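The file entry_13.tsv contains TSV, C-alpha atoms and all ligand atoms:
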chain	number	residue	atom	x	y	z
A	1	MET	CA	15.30	98.20	113.33
A	2	ASN	CA	12.31	98.99	115.42
A	3	TYR	CA	8.98	97.53	114.34
A	4	ARG	CA	6.75	98.67	117.19
A	5	PRO	CA	3.13	98.73	115.96
A	6	GLY	CA	1.93	102.08	114.68
A	7	ARG	CA	5.46	103.15	113.78
A	8	ILE	CA	5.79	105.88	111.16
A	9	PHE	CA	8.67	104.86	108.88
A	10	LEU	CA	10.96	106.96	106.75
A	11	SER	CA	10.16	105.41	103.36
A	12	VAL	CA	8.34	102.16	102.72
A	13	PRO	CA	7.20	100.25	99.63
A	14	HIS	CA	3.84	101.30	98.22
A	15	MET	CA	2.22	98.83	95.83
A	16	GLY	CA	0.11	100.10	92.97
A	17	GLY	CA	-2.18	97.06	92.79
A	18	HIS	CA	-1.13	95.36	89.54
A	19	GLU	CA	2.20	93.95	90.72
A	20	GLN	CA	0.56	90.67	91.70
A	21	ASN	CA	-0.74	90.09	88.18
A	22	TYR	CA	2.78	90.11	86.75
A	23	VAL	CA	4.15	87.95	89.57
A	24	GLN	CA	1.23	85.52	89.34
A	25	LYS	CA	1.77	85.07	85.60
A	26	ALA	CA	5.49	84.47	86.16
A	27	ILE	CA	4.69	81.72	88.66
A	28	GLU	CA	1.99	80.16	86.47
A	29	ASP	CA	4.39	80.04	83.51
A	30	ASN	CA	7.24	78.86	85.75
A	31	TRP	CA	9.49	81.82	84.87
A	32	VAL	CA	10.76	81.84	88.45
A	33	THR	CA	14.32	82.66	87.52
A	34	THR	CA	16.60	85.33	86.07
A	35	ALA	CA	15.00	84.94	82.64
A	36	GLY	CA	11.43	85.46	81.47
A	37	PRO	CA	9.17	88.05	79.87
A	38	ASN	CA	9.00	90.47	82.81
A	39	ILE	CA	12.67	91.32	82.38
A	40	PRO	CA	12.50	92.82	78.87
A	41	GLY	CA	9.09	94.21	79.90
A	42	PHE	CA	10.67	96.00	82.84
A	43	GLU	CA	13.60	97.23	80.74
A	44	HIS	CA	11.06	98.60	78.25
A	45	ASP	CA	9.27	100.40	81.12
A	46	VAL	CA	12.56	101.93	82.30
A	47	CYS	CA	13.21	103.27	78.77
A	48	GLN	CA	9.62	104.51	78.33
A	49	HIS	CA	9.60	106.43	81.60
A	50	THR	CA	13.11	107.86	81.43
A	51	ASN	CA	13.59	108.22	77.68
A	52	ALA	CA	16.80	106.23	78.01
A	53	ARG	CA	17.78	104.31	74.85
A	54	PHE	CA	18.98	101.10	76.51
A	55	ALA	CA	18.27	99.69	79.95
A	56	VAL	CA	19.74	96.63	81.66
A	57	ALA	CA	17.77	95.24	84.62
A	58	LEU	CA	20.06	94.24	87.52
A	59	ASN	CA	19.71	92.96	91.06
A	60	SER	CA	20.72	96.22	92.76
A	61	GLY	CA	21.65	99.81	92.16
A	62	THR	CA	25.06	99.09	93.65
A	63	ALA	CA	25.62	96.37	91.03
A	64	ALA	CA	24.63	98.88	88.35
A	65	ILE	CA	27.26	101.37	89.58
A	66	HIS	CA	29.87	98.60	89.67
A	67	LEU	CA	29.06	97.63	86.07
A	68	ALA	CA	29.05	101.29	85.01
A	69	LEU	CA	32.65	101.59	86.17
A	70	ARG	CA	33.57	98.29	84.54
A	71	VAL	CA	32.06	99.08	81.12
A	72	LEU	CA	33.71	102.51	81.11
A	73	GLY	CA	37.04	100.76	81.58
A	74	VAL	CA	37.90	102.00	85.08
A	75	GLN	CA	40.79	99.89	86.32
A	76	ALA	CA	42.77	99.18	89.48
A	77	GLY	CA	44.95	102.19	90.29
A	78	ASP	CA	42.69	104.68	88.47
A	79	GLU	CA	41.10	107.66	90.18
A	80	VAL	CA	37.34	108.23	90.13
A	81	ILE	CA	35.93	111.64	91.04
A	82	CYS	CA	32.91	111.11	93.29
A	83	SER	CA	30.35	113.24	95.14
A	84	THR	CA	31.25	113.25	98.82
A	85	PHE	CA	27.72	113.99	99.99
A	86	THR	CA	26.00	110.67	99.27
A	87	PHE	CA	25.20	107.20	100.54
A	88	VAL	CA	28.16	104.80	100.66
A	89	ALA	CA	26.66	102.67	97.85
A	90	THR	CA	27.77	105.37	95.38
A	91	ALA	CA	31.42	105.06	96.42
A	92	ASN	CA	31.84	101.38	97.34
A	93	PRO	CA	32.01	100.16	93.71
A	94	ILE	CA	35.08	102.40	93.20
A	95	LEU	CA	36.80	100.15	95.73
A	96	TYR	CA	35.39	97.00	94.08
A	97	VAL	CA	37.35	97.83	90.90
A	98	GLY	CA	40.49	98.72	92.89
A	99	ALA	CA	40.33	102.41	92.02
A	100	THR	CA	40.72	105.39	94.37
A	101	PRO	CA	37.87	107.80	95.01
A	102	VAL	CA	38.62	111.52	94.90
A	103	PHE	CA	35.79	113.24	96.73
A	104	VAL	CA	34.33	116.55	95.61
A	105	GLU	CA	32.15	118.83	97.71
A	106	SER	CA	28.57	119.93	96.97
A	107	GLU	CA	27.20	123.37	96.20
A	108	PRO	CA	24.38	124.87	98.29
A	109	THR	CA	21.56	125.15	95.70
A	110	THR	CA	21.13	121.42	95.00
A	111	TRP	CA	23.48	119.83	97.60
A	112	ASN	CA	25.10	118.00	94.68
A	113	MET	CA	28.57	118.13	93.11
A	114	CYS	CA	29.84	121.68	92.79
A	115	PRO	CA	30.89	122.40	89.16
A	116	ASP	CA	33.58	124.90	90.21
A	117	MET	CA	35.13	122.44	92.65
A	118	LEU	CA	34.92	119.68	90.06
A	119	LYS	CA	36.96	121.82	87.69
A	120	GLN	CA	39.50	122.69	90.40
A	121	THR	CA	39.77	119.03	91.33
A	122	ILE	CA	40.42	117.89	87.77
A	123	GLU	CA	43.06	120.61	87.36
A	124	ALA	CA	44.71	119.61	90.63
A	125	ARG	CA	44.78	115.90	89.70
A	126	LEU	CA	46.11	116.69	86.21
A	127	LYS	CA	48.95	118.70	87.80
A	128	LEU	CA	49.83	115.55	89.76
A	129	GLY	CA	49.87	113.64	86.48
A	130	LYS	CA	46.69	111.73	87.29
A	131	LYS	CA	43.89	112.10	84.79
A	132	PRO	CA	40.63	110.98	86.47
A	133	ALA	CA	39.19	107.91	84.74
A	134	CYS	CA	35.57	108.81	85.48
A	135	ILE	CA	33.25	111.29	87.20
A	136	LEU	CA	30.57	109.67	89.38
A	137	LEU	CA	27.96	112.10	90.66
A	138	VAL	CA	24.70	111.73	92.53
A	139	HIS	CA	21.28	113.42	92.45
A	140	LEU	CA	20.75	113.29	96.19
A	141	TYR	CA	17.32	112.97	97.79
A	142	GLY	CA	15.87	113.36	94.28
A	143	MET	CA	17.29	116.82	93.59
A	144	PRO	CA	18.97	117.05	90.17
A	145	ALA	CA	22.58	118.19	90.09
A	146	GLN	CA	23.60	121.17	87.93
A	147	MET	CA	23.98	119.00	84.86
A	148	LYS	CA	24.72	121.62	82.23
A	149	GLU	CA	27.78	122.97	84.02
A	150	LEU	CA	28.94	119.51	85.11
A	151	LEU	CA	28.57	118.01	81.63
A	152	ASP	CA	30.42	120.94	80.05
A	153	ILE	CA	33.38	120.20	82.33
A	154	ALA	CA	33.26	116.45	81.69
A	155	HIS	CA	33.20	117.09	77.93
A	156	HIS	CA	35.93	119.73	78.11
A	157	TYR	CA	38.32	117.31	79.82
A	158	ASN	CA	36.98	114.30	77.94
A	159	ILE	CA	36.20	112.31	81.10
A	160	PRO	CA	33.26	109.85	81.10
A	161	LEU	CA	30.41	110.67	83.47
A	162	VAL	CA	28.20	108.32	85.50
A	163	GLU	CA	25.03	109.55	87.16
A	164	ASP	CA	23.88	107.82	90.33
A	165	ALA	CA	20.16	108.48	89.94
A	166	ALA	CA	19.23	105.84	92.56
A	167	GLU	CA	17.21	108.42	94.50
A	168	SER	CA	15.98	110.49	91.57
A	169	LEU	CA	13.74	108.37	89.35
A	170	GLY	CA	11.05	110.79	88.17
A	171	SER	CA	13.27	113.86	88.71
A	172	ARG	CA	14.04	116.05	85.73
A	173	TYR	CA	16.65	118.60	84.78
A	174	GLY	CA	15.65	120.95	81.97
A	175	GLY	CA	12.74	118.60	81.32
A	176	HIS	CA	14.90	115.47	80.94
A	177	GLN	CA	15.04	112.54	83.37
A	178	THR	CA	18.12	112.51	85.61
A	179	GLY	CA	20.33	109.55	84.76
A	180	THR	CA	20.08	110.14	81.00
A	181	PHE	CA	22.72	112.88	80.66
A	182	GLY	CA	25.93	111.00	81.37
A	183	ASP	CA	27.58	108.11	79.52
A	184	VAL	CA	25.83	105.78	81.94
A	185	GLY	CA	23.02	106.31	84.45
A	186	VAL	CA	21.98	104.14	87.37
A	187	PHE	CA	18.62	103.61	89.09
A	188	SER	CA	17.80	101.67	92.25
A	189	PHE	CA	14.59	99.78	92.95
A	190	ASN	CA	15.43	98.96	96.55
A	191	GLY	CA	12.48	98.81	98.95
A	192	ASN	CA	13.03	102.32	100.31
A	193	LYS	CA	13.13	104.06	96.91
A	194	ILE	CA	10.27	105.87	95.17
A	195	ILE	CA	9.24	102.66	93.40
A	196	THR	CA	10.63	99.21	94.12
A	197	THR	CA	11.16	95.72	92.73
A	198	SER	CA	11.77	94.57	96.34
A	199	GLY	CA	15.46	94.93	95.54
A	200	GLY	CA	16.89	95.76	92.15
A	201	GLY	CA	18.59	98.24	89.90
A	202	ALA	CA	19.00	99.31	86.31
A	203	LEU	CA	21.81	100.64	84.18
A	204	VAL	CA	20.82	102.99	81.35
A	205	THR	CA	22.87	104.35	78.47
A	206	ALA	CA	22.51	105.70	74.95
A	207	ASN	CA	25.45	103.53	73.85
A	208	GLU	CA	24.40	100.08	72.65
A	209	GLU	CA	27.91	98.63	73.08
A	210	LEU	CA	28.01	99.70	76.76
A	211	ALA	CA	24.57	98.18	77.36
A	212	LYS	CA	25.62	94.90	75.76
A	213	GLN	CA	28.82	94.84	77.76
A	214	ALA	CA	26.93	95.46	81.03
A	215	SER	CA	24.49	92.69	80.26
A	216	PHE	CA	27.39	90.34	79.40
A	217	LEU	CA	29.27	91.07	82.63
A	218	ALA	CA	26.05	90.69	84.66
A	219	THR	CA	25.69	87.09	83.44
A	220	GLN	CA	29.13	85.78	84.48
A	221	ALA	CA	30.71	87.09	81.25
A	222	LYS	CA	29.65	83.96	79.40
A	223	GLU	CA	31.20	84.00	75.92
A	224	GLU	CA	29.31	82.85	72.81
A	225	ALA	CA	30.23	79.17	72.71
A	226	PRO	CA	28.42	75.82	72.91
A	227	TYR	CA	30.14	75.27	76.29
A	228	TYR	CA	31.12	77.54	79.21
A	229	GLU	CA	33.87	79.83	77.95
A	230	HIS	CA	35.18	82.85	79.90
A	231	THR	CA	37.84	85.43	79.18
A	232	GLN	CA	36.81	88.15	81.68
A	233	VAL	CA	35.69	88.26	85.28
A	234	GLY	CA	31.91	88.45	85.43
A	235	TYR	CA	29.17	88.71	88.03
A	236	ASN	CA	25.76	87.31	88.85
A	237	TYR	CA	23.93	90.63	88.75
A	238	ARG	CA	20.78	89.94	86.73
A	239	MET	CA	17.35	90.86	88.04
A	240	SER	CA	14.90	88.01	88.62
A	241	ASN	CA	11.70	87.69	86.60
A	242	ILE	CA	9.70	87.91	89.84
A	243	ALA	CA	11.34	91.18	90.89
A	244	ALA	CA	10.88	92.55	87.36
A	245	GLY	CA	7.17	91.70	87.59
A	246	ILE	CA	6.85	93.81	90.74
A	247	GLY	CA	8.71	96.58	88.91
A	248	ARG	CA	6.29	96.51	85.96
A	249	GLY	CA	3.38	97.04	88.33
A	250	GLN	CA	5.27	99.82	90.08
A	251	PHE	CA	6.05	101.71	86.89
A	252	GLU	CA	2.29	102.04	86.31
A	253	VAL	CA	2.16	104.33	89.35
A	254	LEU	CA	5.52	106.16	89.14
A	255	GLU	CA	4.03	109.53	88.17
A	256	LYS	CA	1.47	109.21	90.95
A	257	ARG	CA	4.21	108.45	93.49
A	258	VAL	CA	6.19	111.51	92.40
A	259	LYS	CA	3.10	113.66	92.83
A	260	GLN	CA	2.45	112.20	96.29
A	261	ARG	CA	6.02	112.70	97.52
A	262	ARG	CA	5.99	116.28	96.26
A	263	GLU	CA	2.73	116.91	98.11
A	264	ILE	CA	4.29	115.57	101.30
A	265	PHE	CA	7.25	117.93	100.84
A	266	ASN	CA	4.88	120.87	100.29
A	267	PHE	CA	2.88	120.01	103.39
A	268	TYR	CA	5.98	119.85	105.62
A	269	ARG	CA	7.30	123.06	104.14
A	270	GLU	CA	4.01	124.96	104.63
A	271	GLN	CA	3.77	123.72	108.19
A	272	LEU	CA	7.35	124.00	109.38
A	273	GLU	CA	9.31	126.56	107.40
A	274	SER	CA	10.40	129.34	109.75
A	275	GLU	CA	13.43	131.30	110.83
A	276	PHE	CA	14.61	128.09	112.54
A	277	VAL	CA	13.74	125.48	109.92
A	278	SER	CA	14.58	125.65	106.22
A	279	PHE	CA	13.86	123.46	103.20
A	280	LEU	CA	15.78	123.12	99.94
A	281	PRO	CA	13.87	124.95	97.18
A	282	GLU	CA	13.92	123.72	93.58
A	283	PRO	CA	16.39	125.75	91.54
A	284	LYS	CA	15.45	126.82	88.02
A	285	ASN	CA	15.56	123.87	85.59
A	286	CYS	CA	15.19	121.33	88.40
A	287	PHE	CA	12.15	119.16	89.09
A	288	SER	CA	12.71	116.94	92.13
A	289	ASN	CA	10.78	113.76	92.89
A	290	ARG	CA	11.22	114.79	96.57
A	291	TRP	CA	12.08	111.19	97.40
A	292	LEU	CA	12.81	112.22	100.97
A	293	THR	CA	11.84	115.55	102.49
A	294	THR	CA	14.90	117.00	104.19
A	295	LEU	CA	15.11	120.01	106.49
A	296	LEU	CA	17.89	122.02	108.07
A	297	LEU	CA	17.76	123.25	111.65
A	298	HIS	CA	19.09	126.73	112.18
A	299	PRO	CA	21.78	126.66	114.91
A	300	ASP	CA	19.66	129.14	116.94
A	301	THR	CA	16.98	126.49	117.52
A	302	GLY	CA	19.19	125.27	120.34
A	303	LYS	CA	18.51	121.68	119.22
A	304	ASN	CA	20.77	119.45	117.21
A	305	PRO	CA	19.40	116.88	114.76
A	306	GLU	CA	20.31	113.98	117.05
A	307	GLN	CA	18.17	115.37	119.89
A	308	VAL	CA	15.28	115.87	117.50
A	309	ARG	CA	15.73	112.40	116.05
A	310	LEU	CA	15.62	110.83	119.49
A	311	ALA	CA	12.58	112.88	120.52
A	312	LEU	CA	10.67	111.67	117.45
A	313	GLU	CA	11.86	108.13	118.13
A	314	GLY	CA	10.10	108.49	121.50
A	315	HIS	CA	6.88	108.98	119.54
A	316	ASN	CA	7.60	105.94	117.36
A	317	ILE	CA	8.47	108.13	114.38
A	318	GLU	CA	11.50	107.25	112.27
A	319	VAL	CA	13.56	110.20	111.12
A	320	ARG	CA	17.15	109.94	109.91
A	321	ARG	CA	20.20	112.13	109.85
A	322	LEU	CA	21.39	113.30	106.44
A	323	TRP	CA	24.10	111.16	104.84
A	324	LYS	CA	27.45	111.49	106.56
A	325	PRO	CA	29.87	112.68	103.85
A	326	MET	CA	32.23	110.09	102.40
A	327	HIS	CA	35.38	112.10	103.13
A	328	LEU	CA	34.50	111.88	106.84
A	329	GLN	CA	34.03	108.10	106.78
A	330	PRO	CA	36.77	105.98	108.35
A	331	LEU	CA	36.50	103.73	105.26
A	332	PHE	CA	37.75	106.58	103.07
A	333	LYS	CA	40.12	108.32	105.47
A	334	ASP	CA	43.00	108.19	102.98
A	335	ALA	CA	41.04	109.39	99.95
A	336	PRO	CA	41.69	112.90	98.58
A	337	TYR	CA	38.93	115.46	99.18
A	338	TYR	CA	38.37	118.86	97.57
A	339	GLY	CA	35.89	121.24	99.11
A	340	ASP	CA	34.88	123.84	101.65
A	341	GLY	CA	33.10	121.63	104.19
A	342	LEU	CA	29.50	122.32	103.12
A	343	SER	CA	28.38	118.68	103.39
A	344	LYS	CA	29.72	118.46	106.96
A	345	LYS	CA	27.49	121.41	107.90
A	346	LEU	CA	24.51	119.79	106.19
A	347	PHE	CA	25.22	116.56	108.06
A	348	GLU	CA	25.39	118.46	111.35
A	349	GLN	CA	22.16	120.41	110.76
A	350	GLY	CA	19.89	118.23	108.69
A	351	LEU	CA	17.22	115.57	109.04
A	352	CYS	CA	15.15	113.40	106.69
A	353	LEU	CA	11.45	113.22	107.52
A	354	PRO	CA	9.03	110.33	106.95
A	355	SER	CA	8.22	110.61	103.25
A	356	SER	CA	6.41	107.41	102.23
A	357	SER	CA	3.84	108.04	99.52
A	358	SER	CA	1.46	105.83	101.53
A	359	LEU	CA	1.59	108.06	104.65
A	360	ALA	CA	-1.87	108.79	106.01
A	361	GLU	CA	-2.82	112.42	106.56
A	362	GLU	CA	-3.11	111.84	110.30
A	363	ASP	CA	0.44	110.45	110.37
A	364	LEU	CA	1.79	113.49	108.57
A	365	GLU	CA	-0.07	115.70	111.00
A	366	LYS	CA	1.37	113.75	113.91
A	367	VAL	CA	4.94	114.21	112.62
A	368	VAL	CA	4.36	117.94	112.19
A	369	LYS	CA	2.79	118.29	115.63
A	370	VAL	CA	5.67	116.52	117.37
A	371	LEU	CA	8.25	118.50	115.39
A	372	LYS	CA	6.53	121.80	116.15
A	373	SER	CA	6.53	121.09	119.86
A	374	GLU	CA	10.17	119.90	119.77
A	375	LEU	CA	11.40	122.90	117.84
A	376	ALA	CA	8.97	125.41	119.30
A	377	VAL	CA	7.99	126.69	115.84
A	401	LIG	C1	19.94	103.26	97.31
A	401	LIG	C2	21.13	103.93	96.74
A	401	LIG	C3	22.09	103.23	96.00
A	401	LIG	C4	22.15	101.75	95.87
A	401	LIG	O1	21.06	101.11	95.49
A	401	LIG	P1	20.79	99.58	95.95
A	401	LIG	O2	19.74	99.19	94.98
A	401	LIG	O3	20.31	99.65	97.35
A	401	LIG	O4	22.04	98.82	95.78
A	401	LIG	C5	23.11	103.94	95.42
A	401	LIG	N1	23.24	105.26	95.59
A	401	LIG	C6	22.36	105.96	96.32
A	401	LIG	C7	22.56	107.43	96.44
A	401	LIG	C8	21.29	105.33	96.94
A	401	LIG	O5	20.45	106.03	97.70
As structure tokens:
Amino acid sequence: MNYRPGRIFLSVPHMGGHEQNYVQKAIEDNWVTTAGPNIPGFEHDVCQHTNARFAVALNSGTAAIHLALRVLGVQAGDEVICSTFTFVATANPILYVGATPVFVESEPTTWNMCPDMLKQTIEARLKLGKKPACILLVHLYGMPAQMKELLDIAHHYNIPLVEDAAESLGSRYGGHQTGTFGDVGVFSFNGNKIITTSGGGALVTANEELAKQASFLATQAKEEAPYYEHTQVGYNYRMSNIAAGIGRGQFEVLEKRVKQRREIFNFYREQLESEFVSFLPEPKNCFSNRWLTTLLLHPDTGKNPEQVRLALEGHNIEVRRLWKPMHLQPLFKDAPYYGDGLSKKLFEQGLCLPSSSSLAEEDLEKVVKVLKSELAV
């Protein structure tokens, strides 16, 4: 990482101002541990803002995905259908439980799991005598996936569905928060996300049993007994009361952060959209938090994203390539993949721009100026 002074970062934490009050109180009351009032307070905030019925605060989004697979009963040897166009944290927990990912390609309107290909994939796996144990899809960069079509398929084949909404807190599909459609939803509060606990996650569900089971597994699967009694493998995945305090302060400004990120997207789009540079519009029914503004370079620009990335780096501006699809990762070279190669094209043409809600206007203008001169738009 490069911390030269004046650097414009991709996505940094942005405090609302009240986080310190919650943290201060936790320290005063000596709740400096994985118990204390900020934890149920934070879980209440998650439910209030997402309309989820139950929320379990955890120490990362990755832990939440791992527990989602565990509580849905995914076992070693099972297959889990997973979006290929995502960050590796979506797919890693499939390996944690000893299952095999089966990657499915995206569709062009949201860049998320293609319903038609999902259906084809399920049919193909059923023909091989392998019924997928779970569907794990992502709402990438904050853009909601086509949930109606995807849910219809999951219901038709009776396969549980997990939504990785790590990047899409504040995003809505048909007016409902992403993460609340599937059997289980997952949020991340890592430092680069739209709001943060400094590092944390949450699992949400409408099913009380699943929530209880997740909470149980997150605390070393400690059975009810006057001594330490264990019948299942558990984890130390609970969120700390300090982190939860930061999260409570952050939830006070979630709506504001969504508004700010959307304004940043609109500014970039107004300034840069051209025959050479395109942005992903919001399809009908979708409201994106625009966590990161992404753009695609038309091949006729004569520049590839890596050249542009390096040029901006020369101006101390951090831009990133789009996620490299999972089916192209050496880690997953043996995993089945169903698709037409869309995510590879996106990877080869796309960039993420600095999108912090705290970006100063002059910084945004600097990014645009450098990009315009690089791309000659
Ligand atoms: C950040 C992220 C995660 C994991 O969240 P952590 O809290 O960092 O473990 C999972 N999936 C996606 C798509 C993410 O961007």
Test item: residues at most 12 Å from stretch 360-365 of chain A, all atoms listed in the file, excluding those fewer than 5 positions along its chain, as a PyMOL selection string = chain A and resi 6-10+260-261+263-272+293+315-318+353-355+370-372
ask   = Between A:Glu163, A:Glu123, A:Glu306, A:Glu374, which has the minimum distance to ligand LIG 401 (chain A) (counting only C-alpha atoms and all ligand atoms)?
value =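 Looking only at the distances to ligand LIG 401 (chain A), the closest residue turns out to be A:Glu163.
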ask   = To one decimal place, how far is atom CA of A:His14 from atom CA of A:Gly191 in Å?
value = 9.0 Å
query = What is the atom CA of A:Leu67 to atom CA of A:Ala214 distance in Å?
reply =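 Interatomic distance, atom CA of A:Leu67 to atom CA of A:Ala214: 5.9 Å.
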ask   = Within 8 Å of ligand LIG 401 (chain A), counting only C-alpha atoms and all ligand atoms: which residues, as a list in words?
value = Asn59, Ser60, Gly61, Thr62, Ala63, Ala64, Ile65, Thr86, Phe87, Val88, Ala89, Thr90, Val138, His139, Leu140, Tyr141, Asp164, Ala165, Ala166, Glu167, Phe187, Ser188, Phe189, Asn190, Asn192, Lys193, Gly199, Gly200 and Gly201 of chain A
ask   = Hey, what's within 7 Å of A:Leu322 if we count only C-alpha atoms and toss same-chain stuff fewer than 4 positions away? As a list in words, please?
value =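 Answer for this query is Phe347, Gly350, Leu351 and Cys352 of chain A.
Taking atom CA of A:Arg262 and atom CA of A:Arg290 as endpoints, the distance between them is 5.4 Å.
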task = Counting all atoms listed in the file, note down every residue that has an atom within 10 Å of the point (14.9, 82.4, 84.5) (file coordinates), as an MDAnalysis selection string.
result = chainID A and resid 26 30:37 39 238:242
request  = Determine, counting only C-alpha atoms, which protein, DNA and RNA residues have an atom within 7 Å of an atom of A:Pro325; residues of the same chain fewer than 6 positions away are not included. Present the result as a ChimeraX atom specification.
outcome  = /A:84-86,343-344
message = List as a list in words the protein and nucleic acid residues near stretch 16-21 of chain A, meaning an atom at most 8 Å away when only C-alpha atoms are counted, but skip any in the same chain fewer than 6 places from it.
response =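 My list of contacting residues is Gly245, Ile246, Gly247, Arg248, Gly249, Gln250, Glu252 and Val253 of chain A.
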Selected residue of minimal separation from A:Leu375 among A:Val277, A:Leu137, A:Leu128, A:Leu95, counting all atoms listed in the file =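 When distances to A:Leu375 are compared using all atoms listed in the file, the smallest one comes from A:Val277.
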Once 5 Å is added on each side, what centre and edge lengths in Å to one decimal does the axis-aligned box around all listed atoms of stretch 326-345 of chain A have, as JSON?
{"center_x": 35.2, "center_y": 113.8, "center_z": 103.0, "size_x": 25.5, "size_y": 30.1, "size_z": 20.8}
key: A:His49 surroundings by all atoms listed in the file, 12 Å radius, close-in-sequence under 6 positions cut, as a list in words   =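 Close residues of A:His49: Phe42, Glu43, Ala55, Leu169, Gly170, Ser171, Arg172, His176, Gln177, Thr178, Gly179, Thr180, Val204, Arg248, Gln250, Phe251, Glu252, Val253, Leu254 and Glu255 of chain A.
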ask   = Quick one: of A:Asn304, A:Asn236, A:Asn38, A:Asn158, who's nearest to A:Lys345, counting all atoms listed in the file?
value = A:Asn304
